[in-house]
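Trainee: Pasting data_39.txt below, which is compact mmCIF, C-alpha atoms and all ligand atoms.
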# COMPACT_ATOMS: atom_id res chain seq x y z
CA MET A 128 138.51 -87.11 -96.52
CA SER A 129 139.59 -89.91 -94.32
CA THR A 130 136.64 -91.80 -92.86
CA ASP A 131 133.72 -93.54 -94.60
CA GLU A 132 131.39 -91.12 -92.81
CA GLU A 133 133.25 -88.09 -94.20
CA VAL A 134 133.31 -89.53 -97.72
CA ALA A 135 129.57 -90.25 -97.58
CA ALA A 136 128.91 -86.70 -96.37
CA THR A 137 130.69 -85.22 -99.36
CA SER A 138 128.48 -86.81 -102.01
CA ILE A 139 125.36 -85.04 -100.70
CA PRO A 140 124.19 -82.08 -102.80
CA TYR A 141 123.98 -79.18 -100.34
CA PHE A 142 121.44 -76.42 -100.96
CA ILE A 143 123.43 -73.19 -101.25
CA GLY A 144 120.79 -70.67 -102.28
CA LYS A 145 118.50 -69.44 -105.00
CA LYS A 146 120.00 -69.06 -108.45
CA GLU A 147 118.86 -65.46 -108.83
CA ASN A 148 120.49 -64.49 -105.52
CA ILE A 149 123.84 -66.06 -106.43
CA ILE A 150 123.78 -64.40 -109.84
CA GLN A 151 123.11 -61.08 -108.10
CA THR A 152 125.85 -61.40 -105.48
CA ARG A 153 128.27 -63.22 -107.86
CA ARG A 154 130.17 -64.76 -104.95
CA VAL A 155 128.99 -66.84 -102.03
CA LEU A 156 131.17 -68.34 -99.33
CA LYS A 157 129.74 -71.60 -97.94
CA SER A 158 130.85 -74.02 -95.24
CA VAL A 159 129.59 -77.47 -96.18
CA GLY A 160 130.71 -80.87 -94.99
CA GLY A 161 133.50 -79.29 -92.96
CA ARG A 162 134.88 -77.47 -95.99
CA ASP A 163 134.90 -73.77 -96.90
CA VAL A 164 133.97 -73.35 -100.55
CA LEU A 165 133.71 -70.25 -102.70
CA VAL A 166 130.85 -70.34 -105.22
CA ILE A 167 131.26 -67.92 -108.10
CA TYR A 168 128.97 -66.78 -110.88
CA HIS A 169 131.04 -65.47 -113.78
CA GLN A 170 129.90 -64.71 -117.33
CA GLY A 171 126.99 -67.14 -117.30
CA ASP A 172 128.71 -70.03 -115.52
CA PHE A 173 128.83 -71.21 -111.91
CA TYR A 174 132.05 -72.42 -110.32
CA ALA A 175 132.90 -73.80 -106.88
CA ILE A 176 136.44 -73.84 -105.57
CA ASP A 177 138.14 -74.33 -102.21
CA ALA A 178 138.03 -70.94 -100.55
CA ARG A 179 141.66 -70.74 -99.38
CA CYS A 180 144.49 -70.54 -101.89
CA TYR A 181 146.69 -73.61 -102.29
CA HIS A 182 149.86 -71.51 -101.98
CA SER A 183 149.51 -70.19 -98.47
CA GLY A 184 145.82 -70.03 -97.59
CA GLY A 185 144.94 -66.64 -99.12
CA PRO A 186 141.25 -65.63 -99.12
CA LEU A 187 140.16 -66.26 -102.70
CA GLN A 188 136.79 -64.58 -102.09
CA GLU A 189 138.73 -61.30 -102.26
CA GLY A 190 140.51 -62.14 -105.52
CA ASP A 191 139.88 -60.58 -108.92
CA ILE A 192 138.71 -62.72 -111.83
CA GLU A 193 140.61 -62.33 -115.08
CA ASP A 194 141.16 -64.37 -118.23
CA PHE A 195 144.64 -65.82 -118.74
CA ASP A 196 145.44 -67.92 -121.77
CA GLY A 197 141.73 -67.65 -122.63
CA ARG A 198 140.67 -69.22 -119.32
CA PRO A 199 138.84 -67.51 -116.46
CA CYS A 200 141.03 -67.49 -113.37
CA ILE A 201 140.81 -66.17 -109.85
CA VAL A 202 143.85 -64.15 -108.83
CA CYS A 203 144.77 -64.68 -105.20
CA PRO A 204 144.95 -61.32 -103.39
CA TRP A 205 148.02 -62.32 -101.35
CA HIS A 206 150.70 -63.23 -103.93
CA LYS A 207 148.76 -63.03 -107.21
CA TYR A 208 148.79 -66.73 -108.06
CA LYS A 209 146.38 -67.49 -110.88
CA ILE A 210 143.99 -70.43 -110.56
CA THR A 211 141.62 -71.58 -113.31
CA LEU A 212 138.04 -71.58 -112.11
CA ALA A 213 136.96 -74.64 -114.07
CA GLU A 214 139.84 -77.00 -113.24
CA GLY A 215 141.73 -75.55 -110.26
CA GLU A 216 144.97 -75.44 -112.25
CA GLY A 217 147.77 -73.16 -111.18
CA LEU A 218 148.98 -71.08 -114.14
CA TYR A 219 152.28 -69.27 -114.53
CA GLN A 220 154.22 -67.60 -117.30
CA ALA A 221 157.56 -68.89 -118.53
CA VAL A 222 160.08 -67.64 -121.06
CA ASP A 223 162.35 -69.81 -123.20
CA PRO A 224 165.61 -67.79 -123.28
CA SER A 225 166.73 -69.59 -126.44
CA VAL A 226 163.82 -68.18 -128.43
CA LYS A 227 164.23 -64.56 -129.55
CA PRO A 228 162.48 -62.26 -129.23
CA LEU A 229 161.64 -63.35 -125.71
CA LYS A 230 157.99 -64.20 -125.42
CA PRO A 231 156.29 -65.37 -122.21
CA THR A 232 153.91 -68.31 -122.56
CA TRP A 233 151.35 -69.65 -120.11
CA CYS A 234 152.14 -72.96 -118.45
CA SER A 235 150.31 -75.16 -115.96
CA LYS A 236 151.50 -76.36 -112.57
CA GLY A 237 148.71 -78.96 -112.65
CA ILE A 238 145.64 -79.16 -110.45
CA LYS A 239 146.38 -77.27 -107.24
CA GLN A 240 142.97 -76.15 -106.01
CA ARG A 241 140.13 -78.59 -105.35
CA ILE A 242 137.06 -77.67 -107.36
CA HIS A 243 133.51 -78.82 -106.69
CA THR A 244 130.27 -79.20 -108.62
CA VAL A 245 127.39 -76.74 -108.74
CA THR A 246 124.00 -77.87 -110.05
CA GLU A 247 120.59 -76.27 -110.41
CA SER A 248 117.10 -77.64 -109.84
CA ASN A 249 114.10 -75.38 -110.39
CA GLY A 250 115.99 -72.25 -109.45
CA ASP A 251 117.64 -73.82 -106.40
CA MET A 252 121.41 -74.23 -106.46
CA PHE A 253 123.28 -77.15 -104.93
CA LEU A 254 126.91 -77.81 -104.18
CA THR A 255 128.39 -81.31 -104.29
CA LEU A 256 131.86 -81.65 -102.84
CA ASN A 257 134.57 -83.25 -104.92
CA ASP A 258 135.69 -86.30 -102.94
CA SER A 259 138.15 -87.61 -105.52
CA PRO A 260 140.92 -89.62 -103.84
CA GLY A 261 144.40 -88.31 -103.41
CA THR A 262 145.57 -85.02 -102.05
CA ILE A 263 145.25 -81.69 -103.82
CA ASP A 264 147.39 -78.84 -102.47
CA SER A 265 144.42 -76.75 -101.31
CA ASP A 266 143.25 -79.62 -99.03
CA TYR A 267 145.73 -78.61 -96.34
CA TYR A 268 143.95 -75.29 -95.79
CA GLN A 269 140.70 -77.14 -95.03
CA THR A 270 142.16 -79.17 -92.17
CA GLU A 271 141.53 -78.74 -88.45
CA LYS A 272 145.28 -78.36 -87.97
CA TYR A 273 145.34 -75.33 -90.25
CA ARG A 274 142.16 -73.84 -88.77
CA ASP A 275 143.41 -74.30 -85.20
CA THR A 276 146.78 -72.79 -85.98
CA PHE A 277 145.85 -69.85 -88.16
CA LEU A 278 142.16 -69.07 -87.94
CA LYS A 279 141.32 -69.33 -84.22
CA GLU A 280 143.26 -66.48 -82.73
FE1 LIG A 301 147.57 -67.22 -102.64
FE2 LIG A 301 150.08 -66.89 -101.97
S1 LIG A 301 148.41 -67.36 -100.69
S2 LIG A 301 149.19 -66.64 -103.89
Could you render the structure from this file as structure tokens?

Mentor:
Amino acid sequence: MSTDEEVAATSIPYFIGKKENIIQTRRVLKSVGGRDVLVIYHQGDFYAIDARCYHSGGPLQEGDIEDFDGRPCIVCPWHKYKITLAEGEGLYQAVDPSVKPLKPTWCSKGIKQRIHTVTESNGDMFLTLNDSPGTIDSDYYQTEKYRDTFLKE
């Protein structure tokens, strides 16, 4: 998100389909504003998240959705990283070796995956890209450099 033109383009709500169709398919992959975004319908809620995993670009559209620490997460199919759907946080389990018996607890790596906003109007669904400043790890996998190097073979 470097130029004024690109920033302006991100604040546009893009039509992404009819609500009933997205509910039926549960997952929709969309390219909007130069970004590939995965839209997910899960247990009554809609989520939108950068489509390639922040770790190494894994295809999140192929990941399972599971609850961890009471939060719905997508599990990347490549190395099983867990990413919260609502916030884009990377979750991991840690063990404090000084506490017996050993008990793993869920911890956060912070926001790693850029999430976006899904809204509805009269049965039509719209996606608004998150143009918050600063870099989020998943941004790299949306760049031309990444696409040219890894996706155009
Ligand atoms: Fe997603 Fe490694 S690419 S966990």

Trainee: Do you know which residues are at most 9 Å from Pro199 of chain A counting all atoms listed in the file, after dropping those on the same chain fewer than 5 positions away, and could you put them as an mmCIF file with C-alpha atoms, keeping the file's coordinate frame?

Mentor:
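This went into around05.cif:
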data_model
loop_
_atom_site.group_PDB
_atom_site.id
_atom_site.type_symbol
_atom_site.label_atom_id
_atom_site.label_comp_id
_atom_site.auth_asym_id
_atom_site.auth_seq_id
_atom_site.Cartn_x
_atom_site.Cartn_y
_atom_site.Cartn_z
ATOM 1 C CA HIS A 169 131.040 -65.470 -113.780
ATOM 2 C CA ILE A 192 138.710 -62.720 -111.830
ATOM 3 C CA GLU A 193 140.610 -62.330 -115.080
ATOM 4 C CA ASP A 194 141.160 -64.370 -118.230
ATOM 5 C CA ILE A 210 143.990 -70.430 -110.560
ATOM 6 C CA THR A 211 141.620 -71.580 -113.310
ATOM 7 C CA LEU A 212 138.040 -71.580 -112.110
ATOM 8 C CA ALA A 213 136.960 -74.640 -114.070
#

Trainee: With distances taken over all atoms listed in the file, which of A:Tyr208, A:Phe195, A:Phe277, A:Tyr141 is nearest to ligand LIG 301 (chain A)?

Mentor: A:Tyr208

Trainee: Using all atoms listed in the file, pick whichever of A:Glu247, A:Asp258, A:Glu271, A:Asp264 has the shortest atom-to-atom distance to ligand LIG 301 (chain A).

Mentor: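 For ligand LIG 301 (chain A), the nearest of the given residues is A:Asp264.
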
Trainee: Counting only C-alpha atoms and all ligand atoms, what are the residues, protein, DNA or RNA alike, that approach ligand LIG 301 (chain A) to within 10 Å? I want them as a PyMOL selection string.

Mentor: chain A and resi 179-187+190+201-210+217

Trainee: How many Å separate atom CA of Leu254 of chain A from atom CA of Arg154 of chain A?

Mentor: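 Rounded to one decimal, the two atoms are 13.5 Å apart.
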
Trainee: Rounded to one decimal, what separation in Å do you get between atom CA of Gly160 of chain A and atom CA of Gly237 of chain A?

Mentor: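 Distance between the two atoms: 25.3 Å.
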
Trainee: Got a sec: who's within 6 Å of segment 229-232 of chain A, counting only C-alpha atoms, leaving out chain neighbours fewer than 4 positions off, as a list in words?

Mentor: Gln220, Ala221 and Val222 of chain A

Trainee: As an exercise, work out the distance from atom CA of Gln170 of chain A to atom CA of Glu147 of chain A in Å and give it to one decimal place.

Mentor: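 It comes out at 14.0 Å.
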
Trainee: Please return, as an mmCIF file with C-alpha atoms, in the frame of the given file, all polymer residues that have at least one atom within 8 Å of the point (137.1, -75.5, -103.3); use all atoms listed in the file and the file's own coordinate frame.

Mentor:
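Contents of part-v4.cif, freshly written:
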data_model
loop_
_atom_site.group_PDB
_atom_site.id
_atom_site.type_symbol
_atom_site.label_atom_id
_atom_site.label_comp_id
_atom_site.auth_asym_id
_atom_site.auth_seq_id
_atom_site.Cartn_x
_atom_site.Cartn_y
_atom_site.Cartn_z
ATOM 1 C CA ARG A 162 134.880 -77.470 -95.990
ATOM 2 C CA ASP A 163 134.900 -73.770 -96.900
ATOM 3 C CA VAL A 164 133.970 -73.350 -100.550
ATOM 4 C CA LEU A 165 133.710 -70.250 -102.700
ATOM 5 C CA ALA A 175 132.900 -73.800 -106.880
ATOM 6 C CA ILE A 176 136.440 -73.840 -105.570
ATOM 7 C CA ASP A 177 138.140 -74.330 -102.210
ATOM 8 C CA ALA A 178 138.030 -70.940 -100.550
ATOM 9 C CA ARG A 179 141.660 -70.740 -99.380
ATOM 10 C CA GLN A 240 142.970 -76.150 -106.010
ATOM 11 C CA ARG A 241 140.130 -78.590 -105.350
ATOM 12 C CA ILE A 242 137.060 -77.670 -107.360
ATOM 13 C CA HIS A 243 133.510 -78.820 -106.690
ATOM 14 C CA SER A 265 144.420 -76.750 -101.310
#

Trainee: Given the choices A:Gly250, A:Pro260, A:Glu216, A:Glu189, which gets closest to Ile149 of chain A if the distance is worked out from all atoms listed in the file?

Mentor: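 Closest to Ile149 of chain A, using all atoms listed in the file: A:Gly250.
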
Trainee: Looking at A:Met252, A:Tyr174, A:Thr246, A:Trp233, which one is nearest to Glu214 of chain A, with distances taken over all atoms listed in the file?

Mentor: A:Tyr174
